[in-house]
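S.K.: Here you go, this is start-v3.pdb (PDB, C-alpha atoms).
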ATOM      1  CA  MET A   1       0.000   0.000   0.000  1.00  0.00           C
ATOM      2  CA  VAL A   2       1.117   3.560  -0.680  1.00  0.00           C
ATOM      3  CA  ASN A   3       2.395   5.714   2.178  1.00  0.00           C
ATOM      4  CA  ARG A   4       0.078   8.702   2.638  1.00  0.00           C
ATOM      5  CA  GLU A   5       2.818  11.164   3.589  1.00  0.00           C
ATOM      6  CA  VAL A   6       4.926  10.215   0.557  1.00  0.00           C
ATOM      7  CA  VAL A   7       2.003  10.744  -1.785  1.00  0.00           C
ATOM      8  CA  LEU A   8       1.167  14.141  -0.273  1.00  0.00           C
ATOM      9  CA  GLU A   9       4.810  15.268  -0.446  1.00  0.00           C
ATOM     10  CA  THR A  10       5.048  14.123  -4.037  1.00  0.00           C
ATOM     11  CA  ILE A  11       1.873  15.988  -4.994  1.00  0.00           C
ATOM     12  CA  LYS A  12       3.155  19.162  -3.341  1.00  0.00           C
ATOM     13  CA  LYS A  13       6.556  18.894  -5.035  1.00  0.00           C
ATOM     14  CA  MET A  14       4.952  18.258  -8.416  1.00  0.00           C
ATOM     15  CA  SER A  15       2.616  21.223  -7.956  1.00  0.00           C
ATOM     16  CA  SER A  16       5.459  23.489  -6.856  1.00  0.00           C
ATOM     17  CA  THR A  17       7.506  22.583  -9.959  1.00  0.00           C
ATOM     18  CA  GLY A  18       4.601  23.644 -12.207  1.00  0.00           C
ATOM     19  CA  ILE A  19       3.343  20.233 -13.296  1.00  0.00           C
ATOM     20  CA  ASP A  20      -0.238  20.298 -14.511  1.00  0.00           C
ATOM     21  CA  GLU A  21      -2.902  18.707 -12.302  1.00  0.00           C
ATOM     22  CA  SER A  22      -3.953  16.276 -15.063  1.00  0.00           C
ATOM     23  CA  VAL A  23      -0.410  14.885 -15.130  1.00  0.00           C
ATOM     24  CA  ILE A  24      -0.441  14.533 -11.356  1.00  0.00           C
ATOM     25  CA  VAL A  25      -3.782  12.677 -11.552  1.00  0.00           C
ATOM     26  CA  THR A  26      -2.374  10.369 -14.238  1.00  0.00           C
ATOM     27  CA  THR A  27       0.680   9.675 -12.099  1.00  0.00           C
ATOM     28  CA  LEU A  28      -1.465   8.852  -9.088  1.00  0.00           C
ATOM     29  CA  LYS A  29      -3.574   6.497 -11.208  1.00  0.00           C
ATOM     30  CA  ASP A  30      -0.358   4.835 -12.376  1.00  0.00           C
ATOM     31  CA  ILE A  31       0.616   4.032  -8.805  1.00  0.00           C
ATOM     32  CA  GLY A  32      -2.756   2.355  -8.257  1.00  0.00           C
ATOM     33  CA  LEU A  33      -4.922   4.977  -6.537  1.00  0.00           C
ATOM     34  CA  LYS A  34      -8.646   5.221  -7.175  1.00  0.00           C
ATOM     35  CA  GLU A  35     -10.501   8.371  -8.274  1.00  0.00           C
ATOM     36  CA  ASP A  36     -11.924   9.211  -4.851  1.00  0.00           C
ATOM     37  CA  GLU A  37      -8.522   8.686  -3.180  1.00  0.00           C
ATOM     38  CA  ILE A  38      -6.887  10.926  -5.783  1.00  0.00           C
ATOM     39  CA  LYS A  39      -9.452  13.675  -5.175  1.00  0.00           C
ATOM     40  CA  GLN A  40      -8.916  13.381  -1.443  1.00  0.00           C
ATOM     41  CA  TYR A  41      -5.119  13.585  -1.786  1.00  0.00           C
ATOM     42  CA  LEU A  42      -5.351  16.587  -4.137  1.00  0.00           C
ATOM     43  CA  ALA A  43      -7.761  18.411  -1.844  1.00  0.00           C
ATOM     44  CA  GLU A  44      -5.548  17.733   1.130  1.00  0.00           C
ATOM     45  CA  ALA A  45      -2.420  18.856  -0.718  1.00  0.00           C
ATOM     46  CA  LYS A  46      -4.105  22.055  -1.976  1.00  0.00           C
ATOM     47  CA  GLY A  47      -5.766  22.761   1.327  1.00  0.00           C
ATOM     48  CA  GLY A  48      -2.365  23.086   2.866  1.00  0.00           C
ATOM     49  CA  ALA A  49      -3.086  20.559   5.538  1.00  0.00           C
ATOM     50  CA  ALA A  50       0.370  19.620   6.611  1.00  0.00           C
ATOM     51  CA  PRO A  51       0.938  15.939   6.541  1.00  0.00           C
ATOM     52  CA  SER A  52       2.014  14.430   9.748  1.00  0.00           C
ATOM     53  CA  LYS A  53       5.752  13.976   9.906  1.00  0.00           C
ATOM     54  CA  PRO A  54       6.755  10.443   9.221  1.00  0.00           C
ATOM     55  CA  LYS A  55       8.124   8.788  12.281  1.00  0.00           C
ATOM     56  CA  GLN A  56      10.534   6.541  10.491  1.00  0.00           C
ATOM     57  CA  GLY A  57      11.996   6.296   7.019  1.00  0.00           C
ATOM     58  CA  GLY A  58      11.743  10.035   6.316  1.00  0.00           C
ATOM     59  CA  ALA A  59      14.797   9.937   4.076  1.00  0.00           C
ATOM     60  CA  ASP A  60      13.351   6.990   2.168  1.00  0.00           C
ATOM     61  CA  ASN A  61      10.091   8.845   1.656  1.00  0.00           C
ATOM     62  CA  GLU A  62      12.007  11.873   0.424  1.00  0.00           C
ATOM     63  CA  LYS A  63      13.930   9.709  -2.060  1.00  0.00           C
ATOM     64  CA  ILE A  64      10.744   8.066  -3.287  1.00  0.00           C
ATOM     65  CA  ALA A  65       9.108  11.464  -3.759  1.00  0.00           C
ATOM     66  CA  GLU A  66      12.122  12.765  -5.686  1.00  0.00           C
ATOM     67  CA  LYS A  67      12.211   9.648  -7.859  1.00  0.00           C
ATOM     68  CA  THR A  68       8.516  10.038  -8.612  1.00  0.00           C
ATOM     69  CA  VAL A  69       9.033  13.669  -9.555  1.00  0.00           C
ATOM     70  CA  GLU A  70      11.943  12.682 -11.818  1.00  0.00           C
ATOM     71  CA  LYS A  71       9.856   9.959 -13.449  1.00  0.00           C
ATOM     72  CA  VAL A  72       7.053  12.419 -14.079  1.00  0.00           C
ATOM     73  CA  LYS A  73       9.481  14.944 -15.552  1.00  0.00           C
ATOM     74  CA  GLN A  74      10.943  12.222 -17.775  1.00  0.00           C
ATOM     75  CA  HIS A  75       7.459  11.165 -18.807  1.00  0.00           C
ATOM     76  CA  LEU A  76       6.595  14.760 -19.710  1.00  0.00           C
ATOM     77  CA  SER A  77       9.820  15.136 -21.648  1.00  0.00           C
ATOM     78  CA  ASP A  78       9.190  11.922 -23.545  1.00  0.00           C
ATOM     79  CA  GLU A  79       5.640  12.994 -24.295  1.00  0.00           C
ATOM     80  CA  LYS A  80       6.861  16.353 -25.574  1.00  0.00           C
ATOM     81  CA  ASP A  81       9.472  14.663 -27.791  1.00  0.00           C
ATOM     82  CA  GLU A  82       6.848  12.278 -29.145  1.00  0.00           C
ATOM     83  CA  ARG A  83       4.470  15.148 -29.897  1.00  0.00           C
ATOM     84  CA  GLU A  84       7.223  17.062 -31.698  1.00  0.00           C
ATOM     85  CA  LEU A  85       8.125  13.945 -33.683  1.00  0.00           C
ATOM     86  CA  ARG A  86       4.489  13.474 -34.717  1.00  0.00           C
ATOM     87  CA  GLU A  87       4.257  17.123 -35.768  1.00  0.00           C
ATOM     88  CA  THR A  88       7.473  16.863 -37.774  1.00  0.00           C
ATOM     89  CA  THR A  89       6.256  13.690 -39.464  1.00  0.00           C
ATOM     90  CA  ARG A  90       2.915  15.293 -40.257  1.00  0.00           C
ATOM     91  CA  ASP A  91       4.628  18.386 -41.675  1.00  0.00           C
ATOM     92  CA  ALA A  92       6.886  16.228 -43.847  1.00  0.00           C
ATOM     93  CA  ALA A  93       3.903  14.252 -45.145  1.00  0.00           C
ATOM     94  CA  LEU A  94       2.025  17.464 -45.915  1.00  0.00           C
ATOM     95  CA  GLU A  95       5.027  18.877 -47.749  1.00  0.00           C
ATOM     96  CA  GLU A  96       5.344  15.672 -49.786  1.00  0.00           C
ATOM     97  CA  GLN A  97       1.657  15.819 -50.712  1.00  0.00           C
ATOM     98  CA  HIS A  98       2.051  19.481 -51.645  1.00  0.00           C
ATOM     99  CA  ALA A  99       4.965  18.610 -53.962  1.00  0.00           C
ATOM    100  CA  LYS A 100       2.919  15.838 -55.595  1.00  0.00           C
ATOM    101  CA  LEU A 101       0.016  18.223 -56.136  1.00  0.00           C
ATOM    102  CA  ARG A 102       2.393  20.749 -57.742  1.00  0.00           C
ATOM    103  CA  ASP A 103       3.648  18.024 -60.101  1.00  0.00           C
ATOM    104  CA  VAL A 104       0.109  17.014 -61.026  1.00  0.00           C
ATOM    105  CA  GLU A 105      -0.831  20.636 -61.641  1.00  0.00           C
ATOM    106  CA  GLN A 106       2.232  21.102 -63.842  1.00  0.00           C
ATOM    107  CA  ASN A 107       1.392  17.968 -65.859  1.00  0.00           C
ATOM    108  CA  VAL A 108      -2.213  19.106 -66.299  1.00  0.00           C
ATOM    109  CA  ASN A 109      -1.015  22.515 -67.516  1.00  0.00           C
ATOM    110  CA  GLN A 110       1.312  20.856 -70.049  1.00  0.00           C
ATOM    111  CA  LEU A 111      -1.575  18.694 -71.253  1.00  0.00           C
ATOM    112  CA  HIS A 112      -3.773  21.782 -71.679  1.00  0.00           C
ATOM    113  CA  GLU A 113      -1.026  23.448 -73.717  1.00  0.00           C
ATOM    114  CA  LYS A 114      -0.721  20.413 -75.991  1.00  0.00           C
ATOM    115  CA  ILE A 115      -4.471  20.202 -76.498  1.00  0.00           C
ATOM    116  CA  SER A 116      -4.759  23.905 -77.279  1.00  0.00           C
ATOM    117  CA  SER A 117      -1.854  23.701 -79.751  1.00  0.00           C
ATOM    118  CA  VAL A 118      -3.647  20.918 -81.694  1.00  0.00           C
ATOM    119  CA  GLY A 119      -6.580  23.267 -82.342  1.00  0.00           C
ATOM    120  CA  ALA A 120      -4.222  26.002 -83.606  1.00  0.00           C
ATOM    121  CA  PRO A 121      -3.384  26.943 -87.263  1.00  0.00           C
ATOM    122  CA  ALA A 122      -1.131  23.901 -87.558  1.00  0.00           C
ATOM    123  CA  ASN A 123      -4.324  21.839 -87.573  1.00  0.00           C
ATOM    124  CA  LYS A 124      -5.600  23.781 -90.624  1.00  0.00           C
ATOM    125  CA  ASP A 125      -2.360  23.074 -92.473  1.00  0.00           C
ATOM    126  CA  LEU A 126      -2.757  19.419 -91.610  1.00  0.00           C
ATOM    127  CA  ASP A 127      -6.306  19.434 -93.008  1.00  0.00           C
ATOM    128  CA  GLN A 128      -5.081  20.984 -96.252  1.00  0.00           C
ATOM    129  CA  LYS A 129      -2.286  18.442 -96.584  1.00  0.00           C
ATOM    130  CA  LEU A 130      -4.718  15.591 -95.927  1.00  0.00           C
ATOM    131  CA  SER A 131      -7.058  16.958 -98.585  1.00  0.00           C
ATOM    132  CA  VAL A 132      -4.216  17.077-101.136  1.00  0.00           C
ATOM    133  CA  LEU A 133      -3.195  13.526-100.241  1.00  0.00           C
ATOM    134  CA  GLU A 134      -6.773  12.263-100.605  1.00  0.00           C
ATOM    135  CA  HIS A 135      -6.985  13.921-104.059  1.00  0.00           C
ATOM    136  CA  ARG A 136      -3.725  12.288-105.116  1.00  0.00           C
ATOM    137  CA  ILE A 137      -4.854   8.880-103.830  1.00  0.00           C
ATOM    138  CA  THR A 138      -8.089   9.207-105.793  1.00  0.00           C
ATOM    139  CA  GLY A 139      -6.091  10.015-108.941  1.00  0.00           C
ATOM    140  CA  ILE A 140      -3.794   7.050-108.372  1.00  0.00           C
ATOM    141  CA  GLU A 141      -6.798   4.748-107.898  1.00  0.00           C
ATOM    142  CA  LYS A 142      -8.226   5.937-111.256  1.00  0.00           C
ATOM    143  CA  LYS A 143      -4.899   5.324-112.983  1.00  0.00           C
ATOM    144  CA  ILE A 144      -4.684   1.829-111.472  1.00  0.00           C
ATOM    145  CA  ALA A 145      -8.219   1.086-112.693  1.00  0.00           C
ATOM    146  CA  ASP A 146      -7.256   2.333-116.173  1.00  0.00           C
ATOM    147  CA  LEU A 147      -4.094   0.205-116.131  1.00  0.00           C
ATOM    148  CA  LYS A 148      -6.148  -2.862-115.178  1.00  0.00           C
ATOM    149  CA  ALA A 149      -8.544  -2.195-118.079  1.00  0.00           C
ATOM    150  CA  VAL A 150      -5.645  -1.761-120.530  1.00  0.00           C
ATOM    151  CA  ASN A 151      -4.039  -4.922-119.178  1.00  0.00           C
ATOM    152  CA  MET A 152      -7.270  -6.907-119.655  1.00  0.00           C
ATOM    153  CA  ALA A 153      -7.724  -5.515-123.181  1.00  0.00           C
ATOM    154  CA  THR A 154      -4.118  -6.382-124.029  1.00  0.00           C
ATOM    155  CA  LYS A 155      -4.623  -9.899-122.675  1.00  0.00           C
ATOM    156  CA  ASP A 156      -7.797 -10.379-124.729  1.00  0.00           C
ATOM    157  CA  LEU A 157      -6.058  -9.037-127.832  1.00  0.00           C
ATOM    158  CA  MET A 158      -3.059 -11.318-127.293  1.00  0.00           C
ATOM    159  CA  GLU A 159      -5.363 -14.342-126.880  1.00  0.00           C
ATOM    160  CA  LYS A 160      -7.108 -13.488-130.150  1.00  0.00           C
ATOM    161  CA  VAL A 161      -3.769 -13.023-131.937  1.00  0.00           C
ATOM    162  CA  LEU A 162      -2.600 -16.325-130.533  1.00  0.00           C
ATOM    163  CA  GLY A 163      -5.827 -17.977-131.684  1.00  0.00           C
ATOM    164  CA  VAL A 164      -5.407 -16.590-135.208  1.00  0.00           C
ATOM    165  CA  ASN A 165      -1.752 -17.657-135.308  1.00  0.00           C
ATOM    166  CA  LYS A 166      -2.795 -21.152-134.226  1.00  0.00           C
ATOM    167  CA  LYS A 167      -5.342 -21.374-137.023  1.00  0.00           C
ATOM    168  CA  ILE A 168      -2.775 -20.212-139.566  1.00  0.00           C
ATOM    169  CA  LEU A 169      -0.279 -22.744-138.334  1.00  0.00           C
ATOM    170  CA  ASN A 170      -2.868 -25.506-138.464  1.00  0.00           C
ATOM    171  CA  LYS A 171      -3.674 -24.706-142.106  1.00  0.00           C
ATOM    172  CA  LEU A 172      -0.032 -24.896-143.088  1.00  0.00           C
TER
END
Starting from the coordinates I provided, produce the structure as structure tokens.
M.R.:
Amino acid sequence: MVNREVVLETIKKMSSTGIDESVIVTTLKDIGLKEDEIKQYLAEAKGGAAPSKPKQGGADNEKIAEKTVEKVKQHLSDEKDERELRETTRDAALEEQHAKLRDVEQNVNQLHEKISSVGAPANKDLDQKLSVLEHRITGIEKKIADLKAVNMATKDLMEKVLGVNKKILNKL
């Protein structure tokens, strides 16, 4: 069980060093005290009711109180370091997200520039060139059709000449 005088001394020392009451309550819970006991100890420590002097082991109680205060200070320091680490991590993550958003914005702007340049006068030149190419292709198709017709006529003519030559040869 916890020594009453030690707890009261510890509460007073923690209060005098500027430690917040919520931290003191947490510390008292950590050592196994219940809510109503904690309230009673805090009221007694604030009320200035002097604890009765310990009859024996006063130096031990003093050492325990100092150790408790040191542990609380260490706990507060660790908590502060952890909070700062979380804030630094959060800031780094936010900065990284900000950089990614800048990159996305830059890429979107480049895409807009490319799209707007396609609709520019260069597109009209492209349409004109395509029109000329289509006209040429149509002309080439007509020439190929004409060449096929000439080829077929030449083939028919050659077959007829061959047929006539065969008849002449047969008569001889």
S.K.: Given the PyMOL selection byres ((chain A and resi 39-46) around 12) and the file above, list the residues it selects as JSON, numbers by chain.
M.R.: {"A": [2, 3, 4, 5, 6, 7, 8, 9, 10, 11, 12, 13, 14, 15, 16, 21, 22, 24, 25, 26, 28, 29, 33, 34, 35, 36, 37, 38, 47, 48, 49, 50, 51, 52]}
S.K.: Could you please determine the separation between CA of Gly32 (chain A) and CA of Gly18 (chain A) in Å, to one decimal place?
M.R.: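 For CA of Gly32 (chain A) relative to CA of Gly18 (chain A), the distance reads 22.9 Å.
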S.K.: Between A:Ile19, A:Gln106, A:Glu141, A:Leu157, which one has atoms that come closest to Ser77 (chain A), using only C-alpha atoms?
M.R.: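 Result for the nearest residue to Ser77 (chain A): A:Ile19.
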S.K.: Work out how far CA of Val161 (chain A) is from CA of Ile144 (chain A), in Å to one decimal.
M.R.: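 Separating CA of Ile144 (chain A) from CA of Val161 (chain A) is a distance of 25.3 Å.
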S.K.: Between A:Lys142, A:Val23, A:Ala93, A:Ala99, which one has atoms that come closest to Glu79 (chain A), using all atoms listed in the file?
M.R.: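 Nearest to Glu79 (chain A): A:Val23.
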S.K.: May I ask for the distance between CA of Glu113 (chain A) and CA of Ser131 (chain A), given in Å to one decimal place?
M.R.: 26.4 Å
S.K.: Between A:Gln110, A:Thr17, A:Thr88, A:Gln97, which is the closest to Glu70 (chain A) once you count all atoms listed in the file?
M.R.: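 Closest to Glu70 (chain A) of all the choices is A:Thr17.
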S.K.: Pick from A:Asp20, A:Val132, A:Ala153, A:Ile168: nearest to Lys73 (chain A), with only C-alpha atoms counted?
M.R.: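 The closest residue to Lys73 (chain A) is A:Asp20.
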S.K.: Let me have the centre and edge lengths of the axis-aligned box enclosing all listed atoms of region 69-85 of chain A with 8 Å padding on every side, in Å to one decimal, as JSON.
M.R.:
{"center_x": 8.2, "center_y": 13.5, "center_z": -21.6, "size_x": 23.5, "size_y": 23.1, "size_z": 40.1}
